[in-house]
file input30.txt (compact mmCIF, C-alpha atoms and all ligand atoms)
# COMPACT_ATOMS: atom_id res chain seq x y z
CA MET D 23 -51.56 -104.00 41.26
CA THR D 24 -52.70 -100.88 42.96
CA ASP D 25 -52.44 -97.18 42.16
CA THR D 26 -53.05 -95.96 45.70
CA VAL D 27 -49.43 -95.34 46.69
CA VAL D 28 -48.26 -94.33 43.26
CA ALA D 29 -48.60 -90.55 43.38
CA ALA D 30 -45.71 -89.94 45.81
CA THR D 31 -43.22 -92.24 44.06
CA PRO D 32 -40.17 -90.73 42.29
CA PRO D 33 -40.18 -91.57 38.56
CA LEU D 34 -37.94 -94.23 37.01
CA ASP D 35 -34.71 -93.02 35.46
CA VAL D 36 -35.16 -94.98 32.25
CA ALA D 37 -31.85 -93.92 30.67
CA ARG D 38 -30.09 -95.25 33.76
CA VAL D 39 -32.16 -98.44 33.82
CA ARG D 40 -31.34 -99.17 30.17
CA GLN D 41 -27.62 -99.31 30.94
CA ASP D 42 -28.26 -102.37 33.12
CA PHE D 43 -29.59 -104.43 30.20
CA PRO D 44 -26.80 -105.59 27.87
CA ILE D 45 -29.19 -106.86 25.18
CA LEU D 46 -30.56 -103.35 24.65
CA GLN D 47 -27.19 -102.32 23.22
CA ARG D 48 -27.62 -104.58 20.21
CA THR D 49 -29.13 -103.68 16.88
CA VAL D 50 -31.83 -105.57 15.02
CA ARG D 51 -31.87 -105.44 11.22
CA ASP D 52 -29.39 -102.54 11.47
CA LYS D 53 -31.77 -100.58 13.67
CA PRO D 54 -31.62 -100.00 17.45
CA LEU D 55 -33.71 -102.64 19.23
CA VAL D 56 -37.09 -101.35 20.42
CA TYR D 57 -38.23 -104.28 22.55
CA LEU D 58 -42.00 -104.21 23.01
CA ASP D 59 -42.68 -107.91 23.59
CA ASN D 60 -42.39 -107.80 27.36
CA SER D 61 -45.66 -109.58 28.06
CA ALA D 62 -44.16 -112.64 26.37
CA THR D 63 -40.88 -112.36 28.24
CA THR D 64 -38.78 -109.47 29.53
CA GLN D 65 -35.03 -108.95 29.24
CA ARG D 66 -32.62 -109.55 32.14
CA PRO D 67 -30.37 -106.98 33.84
CA GLU D 68 -26.67 -107.68 34.22
CA SER D 69 -27.17 -108.33 37.96
CA VAL D 70 -29.46 -111.30 37.24
CA ILE D 71 -27.17 -112.74 34.57
CA GLU D 72 -24.17 -112.28 36.85
CA ALA D 73 -25.88 -113.81 39.91
CA MET D 74 -26.63 -116.97 37.93
CA ALA D 75 -23.17 -117.15 36.36
CA ASN D 76 -21.59 -116.54 39.75
CA PHE D 77 -23.59 -119.38 41.31
CA TYR D 78 -22.27 -121.76 38.65
CA ARG D 79 -18.75 -120.38 39.05
CA THR D 80 -18.54 -120.52 42.81
CA SER D 81 -21.28 -122.49 44.61
CA ASN D 82 -22.72 -125.00 42.18
CA ALA D 83 -23.96 -128.14 43.94
CA ASN D 84 -27.20 -129.98 44.49
CA VAL D 85 -29.40 -128.69 47.33
CA HIS D 86 -30.80 -130.19 50.53
CA ARG D 87 -28.86 -133.43 50.26
CA GLY D 88 -25.17 -132.66 50.62
CA VAL D 89 -23.13 -132.54 53.78
CA HIS D 90 -20.40 -130.48 52.14
CA LEU D 91 -19.93 -126.71 52.07
CA LEU D 92 -20.90 -126.14 48.44
CA SER D 93 -24.18 -127.94 48.97
CA GLU D 94 -24.83 -125.85 52.08
CA GLU D 95 -24.15 -122.67 50.09
CA ALA D 96 -26.40 -123.81 47.23
CA THR D 97 -29.17 -124.68 49.71
CA ASP D 98 -28.85 -121.30 51.41
CA ALA D 99 -29.01 -119.55 48.04
CA TYR D 100 -32.07 -121.56 46.98
CA GLU D 101 -33.95 -121.08 50.24
CA GLY D 102 -32.83 -117.44 50.35
CA ALA D 103 -34.62 -116.92 47.03
CA ARG D 104 -37.77 -118.44 48.53
CA ASN D 105 -37.55 -115.95 51.43
CA LYS D 106 -37.24 -113.08 48.95
CA VAL D 107 -40.29 -114.22 46.98
CA ALA D 108 -42.31 -114.53 50.19
CA ALA D 109 -41.43 -110.98 51.26
CA PHE D 110 -42.04 -109.67 47.72
CA LEU D 111 -45.59 -111.09 47.69
CA ASN D 112 -46.20 -110.31 51.37
CA ALA D 113 -46.80 -114.03 51.85
CA ASP D 114 -47.55 -115.31 55.34
CA SER D 115 -44.50 -117.61 55.29
CA PRO D 116 -41.68 -118.73 52.94
CA GLN D 117 -43.03 -122.29 53.38
CA SER D 118 -46.10 -121.30 51.40
CA VAL D 119 -43.96 -120.46 48.34
CA ILE D 120 -43.41 -123.34 45.90
CA PHE D 121 -40.98 -123.26 43.01
CA THR D 122 -42.35 -124.66 39.75
CA ARG D 123 -41.23 -124.26 36.12
CA ASN D 124 -43.65 -121.46 35.18
CA THR D 125 -47.20 -120.20 35.70
CA THR D 126 -48.51 -123.02 33.51
CA GLU D 127 -47.02 -125.65 35.80
CA SER D 128 -48.36 -123.81 38.86
CA VAL D 129 -51.92 -124.02 37.47
CA ASN D 130 -51.45 -127.71 36.66
CA LEU D 131 -50.10 -128.34 40.15
CA VAL D 132 -53.27 -126.94 41.71
CA ALA D 133 -55.48 -128.75 39.20
CA HIS D 134 -53.85 -132.08 40.09
CA ALA D 135 -53.01 -131.72 43.75
CA TRP D 136 -55.97 -129.71 45.01
CA ALA D 137 -58.81 -129.90 42.48
CA ARG D 138 -58.63 -133.65 41.79
CA ARG D 139 -59.01 -134.31 45.49
CA HIS D 140 -61.79 -131.80 46.07
CA MET D 141 -63.93 -131.76 42.93
CA ARG D 142 -66.49 -134.22 41.67
CA GLU D 143 -69.28 -134.38 39.11
CA GLY D 144 -71.64 -131.43 39.30
CA ASP D 145 -69.10 -129.10 40.90
CA GLU D 146 -68.38 -125.83 39.11
CA ILE D 147 -65.31 -123.74 38.30
CA LEU D 148 -65.76 -120.09 37.39
CA LEU D 149 -63.25 -118.72 34.85
CA THR D 150 -63.33 -115.71 32.55
CA VAL D 151 -63.31 -115.29 28.78
CA MET D 152 -60.01 -113.39 28.97
CA GLU D 153 -57.93 -116.29 30.33
CA HIS D 154 -54.62 -117.37 28.83
CA HIS D 155 -54.78 -121.02 27.71
CA SER D 156 -52.63 -121.84 30.76
CA ASN D 157 -55.54 -121.01 33.01
CA LEU D 158 -58.11 -122.72 30.82
CA VAL D 159 -56.82 -126.00 29.37
CA PRO D 160 -55.91 -127.60 32.76
CA TRP D 161 -59.49 -126.94 33.94
CA GLN D 162 -60.92 -128.32 30.70
CA LEU D 163 -58.93 -131.53 31.24
CA LEU D 164 -60.29 -131.75 34.78
CA ALA D 165 -63.83 -131.04 33.59
CA GLN D 166 -63.65 -133.86 31.02
CA GLU D 167 -62.26 -136.29 33.57
CA ARG D 168 -64.54 -135.44 36.52
CA GLY D 169 -67.75 -134.08 34.98
CA VAL D 170 -67.01 -130.67 36.47
CA LYS D 171 -68.83 -127.73 34.88
CA LEU D 172 -66.89 -124.69 33.64
CA LYS D 173 -68.60 -121.29 33.74
CA PHE D 174 -67.23 -118.01 32.44
CA LEU D 175 -67.44 -114.35 33.33
CA ASP D 176 -67.78 -112.24 30.18
CA ILE D 177 -66.24 -108.84 29.44
CA ASP D 178 -68.03 -105.63 28.54
CA ASP D 179 -67.22 -103.47 25.52
CA SER D 180 -64.51 -101.63 27.44
CA GLY D 181 -62.64 -104.87 28.20
CA HIS D 182 -63.56 -105.05 31.90
CA LEU D 183 -65.05 -108.16 33.46
CA GLN D 184 -68.81 -108.00 33.85
CA LEU D 185 -69.28 -108.39 37.58
CA ASP D 186 -72.89 -107.24 38.01
CA ASN D 187 -74.24 -110.80 37.98
CA LEU D 188 -71.37 -112.32 40.00
CA SER D 189 -73.62 -113.35 42.87
CA GLU D 190 -75.91 -115.21 40.45
CA VAL D 191 -73.06 -117.04 38.67
CA LEU D 192 -71.58 -118.21 41.97
CA ASN D 193 -73.54 -120.81 43.91
CA GLU D 194 -73.09 -123.66 46.39
CA HIS D 195 -71.63 -125.85 43.59
CA THR D 196 -68.78 -123.40 42.86
CA ARG D 197 -65.57 -124.90 44.24
CA LEU D 198 -63.06 -122.64 42.50
CA VAL D 199 -62.81 -119.23 40.87
CA SER D 200 -59.68 -118.97 38.74
CA LEU D 201 -58.78 -115.83 36.85
CA ALA D 202 -56.00 -113.60 35.60
CA HIS D 203 -54.84 -110.75 37.78
CA VAL D 204 -54.17 -108.81 34.57
CA SER D 205 -55.15 -109.81 31.02
CA ASN D 206 -52.18 -110.46 28.73
CA THR D 207 -54.18 -109.20 25.73
CA LEU D 208 -56.39 -106.38 26.98
CA GLY D 209 -54.12 -105.26 29.82
CA THR D 210 -57.18 -105.09 32.10
CA ALA D 211 -56.39 -105.28 35.81
CA ASN D 212 -59.15 -107.31 37.46
CA ALA D 213 -60.82 -106.51 40.79
CA ILE D 214 -59.46 -109.55 42.64
CA PRO D 215 -60.49 -108.66 46.25
CA THR D 216 -64.10 -108.05 45.18
CA ILE D 217 -64.24 -111.34 43.28
CA ALA D 218 -62.44 -113.22 46.07
CA CYS D 219 -64.90 -111.92 48.66
CA ALA D 220 -67.87 -113.13 46.57
CA ALA D 221 -66.18 -116.49 45.88
CA HIS D 222 -65.39 -117.09 49.55
CA SER D 223 -68.98 -116.28 50.52
CA VAL D 224 -70.06 -119.48 48.70
CA GLY D 225 -67.09 -121.47 50.02
CA ALA D 226 -65.08 -121.45 46.77
CA LYS D 227 -61.29 -121.14 46.62
CA VAL D 228 -59.66 -118.43 44.48
CA PHE D 229 -56.71 -118.99 42.16
CA VAL D 230 -55.07 -115.90 40.65
CA ASP D 231 -52.93 -116.20 37.53
CA GLY D 232 -50.47 -113.42 38.28
CA ALA D 233 -48.28 -113.89 35.19
CA GLN D 234 -49.13 -110.32 34.14
CA GLY D 235 -49.80 -109.01 37.64
CA VAL D 236 -46.44 -109.40 39.39
CA PRO D 237 -44.34 -107.59 36.76
CA HIS D 238 -46.42 -104.44 36.72
CA GLY D 239 -46.99 -103.26 40.28
CA PRO D 240 -47.01 -104.12 43.98
CA VAL D 241 -48.67 -107.47 44.77
CA ASP D 242 -49.83 -108.40 48.25
CA VAL D 243 -51.37 -111.86 48.23
CA GLN D 244 -52.93 -111.34 51.65
CA ALA D 245 -54.62 -108.10 50.63
CA LEU D 246 -55.83 -109.76 47.42
CA ASP D 247 -57.49 -112.34 49.68
CA CYS D 248 -56.84 -115.21 47.25
CA ASP D 249 -55.96 -118.83 48.09
CA PHE D 250 -53.40 -119.39 45.33
CA TYR D 251 -51.26 -116.96 43.33
CA ALA D 252 -48.93 -117.96 40.47
CA PHE D 253 -46.40 -116.07 38.38
CA SER D 254 -43.54 -116.52 35.90
CA PRO D 255 -40.35 -114.67 36.91
CA HIS D 256 -39.23 -114.46 33.25
CA LYS D 257 -41.95 -111.85 32.75
CA ALA D 258 -40.44 -109.71 35.52
CA LEU D 259 -36.70 -109.57 34.64
CA GLY D 260 -36.03 -113.03 36.10
CA PRO D 261 -34.78 -116.23 34.46
CA LEU D 262 -36.65 -118.51 32.11
CA GLY D 263 -37.30 -121.93 33.60
CA ILE D 264 -38.58 -121.15 37.09
CA GLY D 265 -42.11 -120.40 38.22
CA VAL D 266 -43.79 -119.59 41.52
CA LEU D 267 -46.92 -120.84 43.21
CA TRP D 268 -47.98 -119.27 46.48
CA GLY D 269 -50.77 -120.99 48.37
CA ARG D 270 -52.44 -120.49 51.73
CA ARG D 271 -50.51 -122.65 54.15
CA ASP D 272 -53.53 -124.56 55.50
CA VAL D 273 -54.70 -125.32 51.95
CA LEU D 274 -51.24 -126.50 50.86
CA GLU D 275 -50.86 -128.67 53.95
CA GLU D 276 -53.87 -130.80 53.14
CA MET D 277 -53.10 -131.17 49.41
CA ASP D 278 -51.76 -134.30 47.73
CA PRO D 279 -48.34 -134.16 46.05
CA PHE D 280 -48.13 -133.26 42.37
CA LEU D 281 -45.06 -135.13 41.12
CA GLY D 282 -43.47 -138.06 42.92
CA GLY D 283 -39.74 -138.69 43.30
CA GLY D 284 -36.72 -137.63 45.28
CA GLU D 285 -36.79 -134.74 47.75
CA MET D 286 -40.57 -134.72 48.23
CA ILE D 287 -40.75 -137.66 50.65
CA ARG D 288 -40.47 -138.18 54.40
CA ASP D 289 -40.13 -141.97 54.23
CA VAL D 290 -40.25 -144.58 51.49
CA THR D 291 -40.77 -148.33 51.74
CA LEU D 292 -41.16 -150.69 48.81
CA GLU D 293 -44.93 -150.40 49.14
CA ARG D 294 -45.63 -146.78 50.03
CA SER D 295 -44.28 -143.36 50.93
CA THR D 296 -45.06 -140.45 53.21
CA TRP D 297 -44.55 -136.84 52.22
CA ALA D 298 -42.11 -134.11 53.20
CA ALA D 299 -43.49 -130.93 54.73
CA VAL D 300 -44.71 -128.06 52.57
CA PRO D 301 -43.18 -126.70 50.30
CA HIS D 302 -40.82 -129.63 49.61
CA LYS D 303 -43.78 -132.00 49.17
CA PHE D 304 -44.38 -130.17 45.87
CA GLU D 305 -40.78 -129.94 44.65
CA ALA D 306 -39.82 -133.41 43.41
CA GLY D 307 -36.34 -133.90 41.98
CA THR D 308 -33.44 -131.50 41.58
CA PRO D 309 -34.77 -127.94 41.37
CA SER D 310 -33.58 -125.07 39.14
CA VAL D 311 -31.17 -123.70 41.73
CA ALA D 312 -29.39 -121.19 39.48
CA ASP D 313 -32.76 -119.95 38.23
CA ALA D 314 -33.88 -119.44 41.84
CA VAL D 315 -30.70 -117.44 42.45
CA GLY D 316 -31.47 -115.34 39.36
CA LEU D 317 -35.04 -114.88 40.58
CA GLY D 318 -33.73 -113.57 43.90
CA ALA D 319 -31.51 -111.10 42.04
CA SER D 320 -34.43 -109.96 39.86
CA ILE D 321 -36.53 -109.27 42.97
CA ASP D 322 -33.65 -107.23 44.41
CA TYR D 323 -33.51 -105.28 41.16
CA LEU D 324 -37.28 -104.67 41.02
CA GLU D 325 -37.43 -103.63 44.66
CA ASN D 326 -34.57 -101.25 44.12
CA LEU D 327 -36.55 -99.59 41.31
CA GLY D 328 -39.71 -99.79 43.43
CA MET D 329 -42.84 -101.60 42.31
CA SER D 330 -44.91 -98.44 42.78
CA ALA D 331 -42.47 -96.54 40.55
CA ILE D 332 -42.83 -99.29 37.93
CA ARG D 333 -46.62 -99.02 38.09
CA GLN D 334 -46.41 -95.24 37.82
CA HIS D 335 -44.08 -95.56 34.82
CA GLU D 336 -46.53 -97.81 32.99
CA VAL D 337 -49.40 -95.40 33.63
CA LYS D 338 -47.22 -92.63 32.17
CA ILE D 339 -46.52 -94.78 29.10
CA ASN D 340 -50.25 -95.52 28.72
CA GLU D 341 -51.13 -91.84 29.02
CA TYR D 342 -48.90 -91.15 26.02
CA LEU D 343 -49.41 -94.40 24.09
CA LEU D 344 -53.20 -94.57 23.99
CA PRO D 345 -53.80 -91.05 22.55
CA ARG D 346 -50.99 -91.59 20.03
CA LEU D 347 -52.55 -94.86 18.86
CA ARG D 348 -55.95 -93.14 18.65
CA GLU D 349 -54.42 -90.59 16.25
CA LEU D 350 -54.24 -93.43 13.70
CA PRO D 351 -57.87 -93.77 12.55
CA TRP D 352 -57.25 -97.12 10.84
CA LEU D 353 -56.51 -98.84 14.14
CA THR D 354 -58.96 -100.63 16.41
CA ILE D 355 -57.57 -100.62 19.96
CA TYR D 356 -58.75 -103.20 22.48
CA GLY D 357 -59.00 -102.96 26.25
CA PRO D 358 -59.83 -100.26 28.81
CA GLU D 359 -59.63 -96.62 27.73
CA ASP D 360 -58.47 -95.35 31.11
CA PRO D 361 -54.65 -95.57 31.35
CA HIS D 362 -55.02 -96.45 35.06
CA ASP D 363 -57.15 -99.51 34.32
CA ARG D 364 -54.51 -101.43 32.40
CA CYS D 365 -50.87 -102.43 32.57
CA GLY D 366 -48.42 -101.03 30.04
CA LEU D 367 -49.61 -102.82 26.92
CA ALA D 368 -51.88 -102.23 23.96
CA SER D 369 -53.43 -104.71 21.56
CA PHE D 370 -54.70 -103.33 18.28
CA ASN D 371 -55.52 -104.15 14.67
CA ASP D 372 -54.98 -102.25 11.43
CA ASN D 373 -58.20 -102.37 9.39
CA GLN D 374 -56.29 -103.42 6.23
CA ILE D 375 -53.12 -105.21 7.35
CA HIS D 376 -53.08 -108.61 9.02
CA ALA D 377 -51.53 -108.64 12.50
CA HIS D 378 -48.73 -110.98 11.37
CA ASP D 379 -47.83 -108.78 8.39
CA LEU D 380 -47.86 -105.76 10.66
CA GLY D 381 -45.58 -107.50 13.17
CA THR D 382 -43.18 -108.47 10.38
CA ILE D 383 -42.99 -104.91 9.06
CA LEU D 384 -42.49 -103.49 12.55
CA ASP D 385 -39.61 -105.94 12.97
CA GLN D 386 -37.97 -104.45 9.85
CA HIS D 387 -37.90 -101.19 11.81
CA GLY D 388 -36.34 -102.83 14.86
CA VAL D 389 -39.64 -102.82 16.77
CA ALA D 390 -40.27 -106.22 18.38
CA VAL D 391 -43.98 -106.84 19.10
CA ARG D 392 -46.17 -109.94 19.30
CA ALA D 393 -48.80 -110.78 16.70
CA GLY D 394 -51.30 -113.60 17.00
CA HIS D 395 -53.89 -114.93 19.44
CA HIS D 396 -51.63 -114.48 22.50
CA CYS D 397 -52.69 -117.93 23.80
CA ALA D 398 -56.13 -116.44 24.39
CA LYS D 399 -58.17 -117.90 21.52
CA PRO D 400 -61.54 -117.68 23.31
CA LEU D 401 -60.89 -113.98 23.90
CA MET D 402 -60.05 -113.53 20.20
CA ARG D 403 -63.41 -115.13 19.34
CA ARG D 404 -65.15 -112.88 21.87
CA LEU D 405 -63.55 -109.83 20.22
CA GLY D 406 -64.47 -111.19 16.77
CA VAL D 407 -60.89 -111.28 15.48
CA MET D 408 -58.34 -113.96 14.57
CA ALA D 409 -55.35 -112.10 15.98
CA THR D 410 -54.11 -108.77 17.27
CA THR D 411 -50.78 -106.98 17.34
CA ARG D 412 -49.61 -106.38 20.90
CA ALA D 413 -47.02 -103.86 22.06
CA SER D 414 -46.06 -104.37 25.70
CA PHE D 415 -43.77 -102.04 27.63
CA TYR D 416 -41.56 -102.38 30.67
CA VAL D 417 -39.07 -100.55 32.86
CA TYR D 418 -36.53 -99.89 30.08
CA ASN D 419 -39.07 -98.52 27.60
CA ASP D 420 -39.82 -94.83 27.37
CA LEU D 421 -41.98 -92.44 25.40
CA ASP D 422 -39.58 -92.43 22.45
CA ASP D 423 -40.27 -96.17 22.08
CA VAL D 424 -43.93 -95.23 21.62
CA ASP D 425 -42.84 -92.80 18.89
CA HIS D 426 -40.83 -95.54 17.15
CA LEU D 427 -43.88 -97.79 17.26
CA ILE D 428 -46.18 -95.12 15.83
CA ASP D 429 -43.70 -94.23 13.05
CA ALA D 430 -43.38 -97.91 12.12
CA LEU D 431 -47.18 -98.33 12.07
CA ILE D 432 -47.41 -95.43 9.62
CA GLU D 433 -44.57 -96.88 7.50
CA ALA D 434 -46.46 -100.19 7.32
CA ARG D 435 -49.41 -98.39 5.71
CA LYS D 436 -47.07 -96.94 3.12
CA VAL D 437 -45.64 -100.39 2.32
CA PHE D 438 -49.17 -101.50 1.41
CA GLY D 439 -49.97 -98.24 -0.42
CA LEU D 440 -52.69 -97.38 2.10
CA ALA D 441 -53.82 -93.94 3.22
CA THR D 442 -52.15 -92.48 6.31
N1 LIG Z 501 -51.05 -116.43 32.14
C1 LIG Z 501 -50.89 -115.27 31.51
C2 LIG Z 501 -51.86 -114.15 31.78
C3 LIG Z 501 -49.83 -115.09 30.63
O1 LIG Z 501 -49.67 -113.92 30.01
C4 LIG Z 501 -48.94 -116.15 30.41
C5 LIG Z 501 -47.84 -116.02 29.43
O2 LIG Z 501 -47.89 -115.22 28.53
C6 LIG Z 501 -49.14 -117.34 31.09
C7 LIG Z 501 -50.20 -117.45 31.96
C8 LIG Z 501 -48.24 -118.50 30.91
O3 LIG Z 501 -46.95 -118.22 31.36
P1 LIG Z 501 -45.81 -119.33 31.20
O4 LIG Z 501 -45.73 -119.63 29.75
O5 LIG Z 501 -44.59 -118.66 31.74
O6 LIG Z 501 -46.26 -120.51 31.98
call {"tool": "encode", "arguments": {"input": "input30.txt", "output": "structure tokens"}}
result
Amino acid sequence: MTDTVVAATPPLDVARVRQDFPILQRTVRDKPLVYLDNSATTQRPESVIEAMANFYRTSNANVHRGVHLLSEEATDAYEGARNKVAAFLNADSPQSVIFTRNTTESVNLVAHAWARRHMREGDEILLTVMEHHSNLVPWQLLAQERGVKLKFLDIDDSGHLQLDNLSEVLNEHTRLVSLAHVSNTLGTANAIPTIACAAHSVGAKVFVDGAQGVPHGPVDVQALDCDFYAFSPHKALGPLGIGVLWGRRDVLEEMDPFLGGGEMIRDVTLERSTWAAVPHKFEAGTPSVADAVGLGASIDYLENLGMSAIRQHEVKINEYLLPRLRELPWLTIYGPEDPHDRCGLASFNDNQIHAHDLGTILDQHGVAVRAGHHCAKPLMRRLGVMATTRASFYVYNDLDDVDHLIDALIEARKVFGLAT
């Protein structure tokens, strides 16, 4: 995510965008749907739904193994989606893009296929306290199995990573630095190139969990200077059920497979097997072809809007959202104060109403938010709370959605007979 090219970008036409999303026409509890749970999953435009349905209607077949036309078409569609992802991330080659099920599986793939080969007792992995459990639990499992030590970068009071002692935390034992591009709870966008440069100077690899990075602005994996980058298309208008892992080609080449089975082999005898070339070495079994087709359509849609325009839109939302939330003195708001330092989300707590109760009352007003620990329990502990309420915005949300949220937050106080 970068703001450098944002200023010259024409703004999103949100009213126009909304027409592309059939689900936004529905009501919820007799109220218009105000969907503010985009960090959990976004909605899909008609073009993505139609691309998937059309694949099933016209070209459905298994990939890479058929000699018939439908299988050729399905293979072209599947590999075409890989090409689109590679261009979208500015990857060096489509062969360095692997399809998984989600970000979680991408992390586990690297933990199994790279880290188990390269890490032994006494080695260190540097993580941060703001990680989603997806980028924590796989490393904990590895640490328990191999005697690897986990270290953590802390945050400061503004919700930014504390980087002043980075060179002391990293040392010759550090094999991996793995961190979120953008926090799913604080919205903080992390300084990946700076961290990657420091990590590489001690010979460590860098894994970036881009689940909240890709949806919110332009991503260039080469400029980020990381070794692995993962994301979940369902958080960026794409289908549920497919994930992406990009890895540096030379690193992927020398990795072991993750899952064994059909499609990932070069040769098999009764005793042993050899592996297909990257990326197929990492894609055992029948892949989610229709989901890949939908992913390709979602990238077309995002690129048509423009990733810089999307970033600019979220900054505009933040510039309105944050002051409006601050007008409510009973709220504690977490994360960076500067609208440019975060993606379009805000986590907050009412000083009298539990996050779950607040979420339930907002739902009565048609406002869909998330309440809970956001799969970031260590971060909750670091903030000294059990849960927060999180409102997360995307391309079809506008300033009037902020107003609906604020009105519903005030109504919630009234339900509990609290001062407003
Ligand atoms: N990482 C971050 C920062 C996330 O926000 C999420 C999902 O919310 C994940 C990882 C996990 O994504 P998935 O459940 O699609 O694997």
call {"tool": "atom_distance", "arguments": {"input": "input30.txt", "atom1": "atom CA of Asp422 of chain D", "atom2": "atom CA of Gly388 of chain D"}}
result
13.3 Å
call {"tool": "closest_residue", "arguments": {"input": "input30.txt", "among": "D:Cys397, D:Leu198, D:Val315, D:Ile147", "to": "ligand LIG 501 (chain Z)", "atoms": "all atoms listed in the file"}}
result
D:Cys397
call {"tool": "closest_atom_pairs", "arguments": {"input": "input30.txt", "of": "chain D", "to": "ligand LIG 501 (chain Z)", "cutoff": "9 Å", "atoms": "only C-alpha atoms and all ligand atoms", "output": "CSV"}}
result
residue,atom,partner,partner_atom,distance
D:Ser61,CA,Z:LIG501,O2,6.1
D:Ala62,CA,Z:LIG501,O2,5.0
D:Thr63,CA,Z:LIG501,O2,7.6
D:Arg123,CA,Z:LIG501,O6,7.5
D:Asn124,CA,Z:LIG501,O6,4.2
D:Thr125,CA,Z:LIG501,O6,3.8
D:Thr126,CA,Z:LIG501,O6,3.7
D:Glu127,CA,Z:LIG501,O6,6.4
D:Ser128,CA,Z:LIG501,O6,7.9
D:Val129,CA,Z:LIG501,O6,8.6
D:Met152,CA,Z:LIG501,C2,8.7
D:Glu153,CA,Z:LIG501,C2,6.6
D:His154,CA,Z:LIG501,N1,5.0
D:His155,CA,Z:LIG501,C7,7.2
D:Ser156,CA,Z:LIG501,C7,5.2
D:Asn157,CA,Z:LIG501,N1,6.5
D:Leu201,CA,Z:LIG501,C2,8.7
D:Ala202,CA,Z:LIG501,C2,5.7
D:His203,CA,Z:LIG501,C2,7.5
D:Val204,CA,Z:LIG501,C2,6.5
D:Ser205,CA,Z:LIG501,C2,5.5
D:Asn206,CA,Z:LIG501,O1,4.5
D:Thr207,CA,Z:LIG501,O1,7.8
D:Asp231,CA,Z:LIG501,N1,5.7
D:Gly232,CA,Z:LIG501,C2,6.7
D:Ala233,CA,Z:LIG501,C1,4.7
D:Gln234,CA,Z:LIG501,C2,5.3
D:Gly235,CA,Z:LIG501,C2,8.1
D:Ala252,CA,Z:LIG501,C7,8.6
D:Phe253,CA,Z:LIG501,O5,7.4
D:Ser254,CA,Z:LIG501,O5,4.8
D:Pro255,CA,Z:LIG501,O5,7.8
D:His256,CA,Z:LIG501,O5,7.0
D:Lys257,CA,Z:LIG501,O5,7.4
D:Leu262,CA,Z:LIG501,O5,8.0
D:Gly263,CA,Z:LIG501,O5,8.2
D:Ile264,CA,Z:LIG501,O5,8.4
D:Gly265,CA,Z:LIG501,O5,7.2
D:His396,CA,Z:LIG501,O2,7.1
D:Cys397,CA,Z:LIG501,O2,7.3
D:Ala398,CA,Z:LIG501,C2,8.8
call {"tool": "residues_around", "arguments": {"input": "input30.txt", "residues": "segment 426-440 of chain D", "least_positions_apart": "6", "cutoff": "9 Å", "atoms": "all atoms listed in the file", "output": "PyMOL selection string"}}
result
chain D and resi 56+58+343+346-347+350+372+374-375+379-380+383-389+413
call {"tool": "closest_residue", "arguments": {"input": "input30.txt", "among": "D:Asn373, D:Thr64, D:Thr196, D:Asn340", "to": "Gly209 of chain D", "atoms": "only C-alpha atoms"}}
result
D:Asn340
call {"tool": "closest_residue", "arguments": {"input": "input30.txt", "among": "D:Ala137, D:Ala258, D:Ala368, D:Val132", "to": "Gly316 of chain D", "atoms": "all atoms listed in the file"}}
result
D:Ala258
call {"tool": "atom_distance", "arguments": {"input": "input30.txt", "atom1": "atom CA of Thr354 of chain D", "atom2": "atom CA of Val391 of chain D"}}
result
16.4 Å
call {"tool": "closest_residue", "arguments": {"input": "input30.txt", "among": "D:Pro361, D:Gly225, D:Pro279, D:Gly366", "to": "Asn193 of chain D", "atoms": "only C-alpha atoms"}}
result
D:Gly225
call {"tool": "atom_distance", "arguments": {"input": "input30.txt", "atom1": "atom CA of Asn130 of chain D", "atom2": "atom CA of Glu146 of chain D"}}
result
17.2 Å
call {"tool": "closest_residue", "arguments": {"input": "input30.txt", "among": "D:Gln47, D:Thr31, D:Asn105, D:Ser69", "to": "Leu259 of chain D", "atoms": "only C-alpha atoms"}}
result
D:Ser69
call {"tool": "closest_residue", "arguments": {"input": "input30.txt", "among": "D:Val236, D:Ala299, D:Ala37, D:Leu91", "to": "Glu325 of chain D", "atoms": "only C-alpha atoms"}}
result
D:Val236
call {"tool": "residues_around", "arguments": {"input": "input30.txt", "residues": "Gly144 of chain D", "least_positions_apart": "6", "cutoff": "8 Å", "atoms": "all atoms listed in the file", "output": "MDAnalysis selection string"}}
result
chainID D and resid 169:171 195
call {"tool": "closest_atom_pairs", "arguments": {"input": "input30.txt", "of": "segment 320-435 of chain D", "to": "segment 92-104 of chain D", "cutoff": "12 Å", "atoms": "only C-alpha atoms", "output": "JSON lines"}}
result
{"residue": "D:Ser320", "atom": "CA", "partner": "D:Ala103", "partner_atom": "CA", "distance": 10.0}
{"residue": "D:Ile321", "atom": "CA", "partner": "D:Ala103", "partner_atom": "CA", "distance": 8.9}
{"residue": "D:Asp322", "atom": "CA", "partner": "D:Ala103", "partner_atom": "CA", "distance": 10.1}
call {"tool": "residues_near_point", "arguments": {"input": "input30.txt", "point": "(-39.5, -100.0, 39.3)", "cutoff": "10 Å", "atoms": "only C-alpha atoms", "output": "list in words"}}
result
Thr31, Pro32, Pro33, Leu34, Asp35, Val36, Val39, Pro237, His238, Gly239, Pro240, Tyr323, Leu324, Glu325, Asn326, Leu327, Gly328, Met329, Ser330, Ala331, Ile332, Arg333, Gln334, His335, Glu336, Tyr416, Val417 and Tyr418 of chain D
call {"tool": "decode", "arguments": {"input": "input30.txt", "residues": "segment 350-355 of chain D", "atoms": "C-alpha atoms", "output": "short mmCIF file (atom, residue, chain, number, x, y, z; two decimals), in the first residue's frame"}}
result
data_model
loop_
_atom_site.label_atom_id
_atom_site.label_comp_id
_atom_site.auth_asym_id
_atom_site.auth_seq_id
_atom_site.Cartn_x
_atom_site.Cartn_y
_atom_site.Cartn_z
CA LEU D 350 -18.48 10.32 20.75
CA PRO D 351 -16.57 10.79 24.03
CA TRP D 352 -17.56 7.35 25.35
CA LEU D 353 -15.57 5.58 22.65
CA THR D 354 -11.95 4.45 22.82
CA ILE D 355 -10.57 4.22 19.28
#
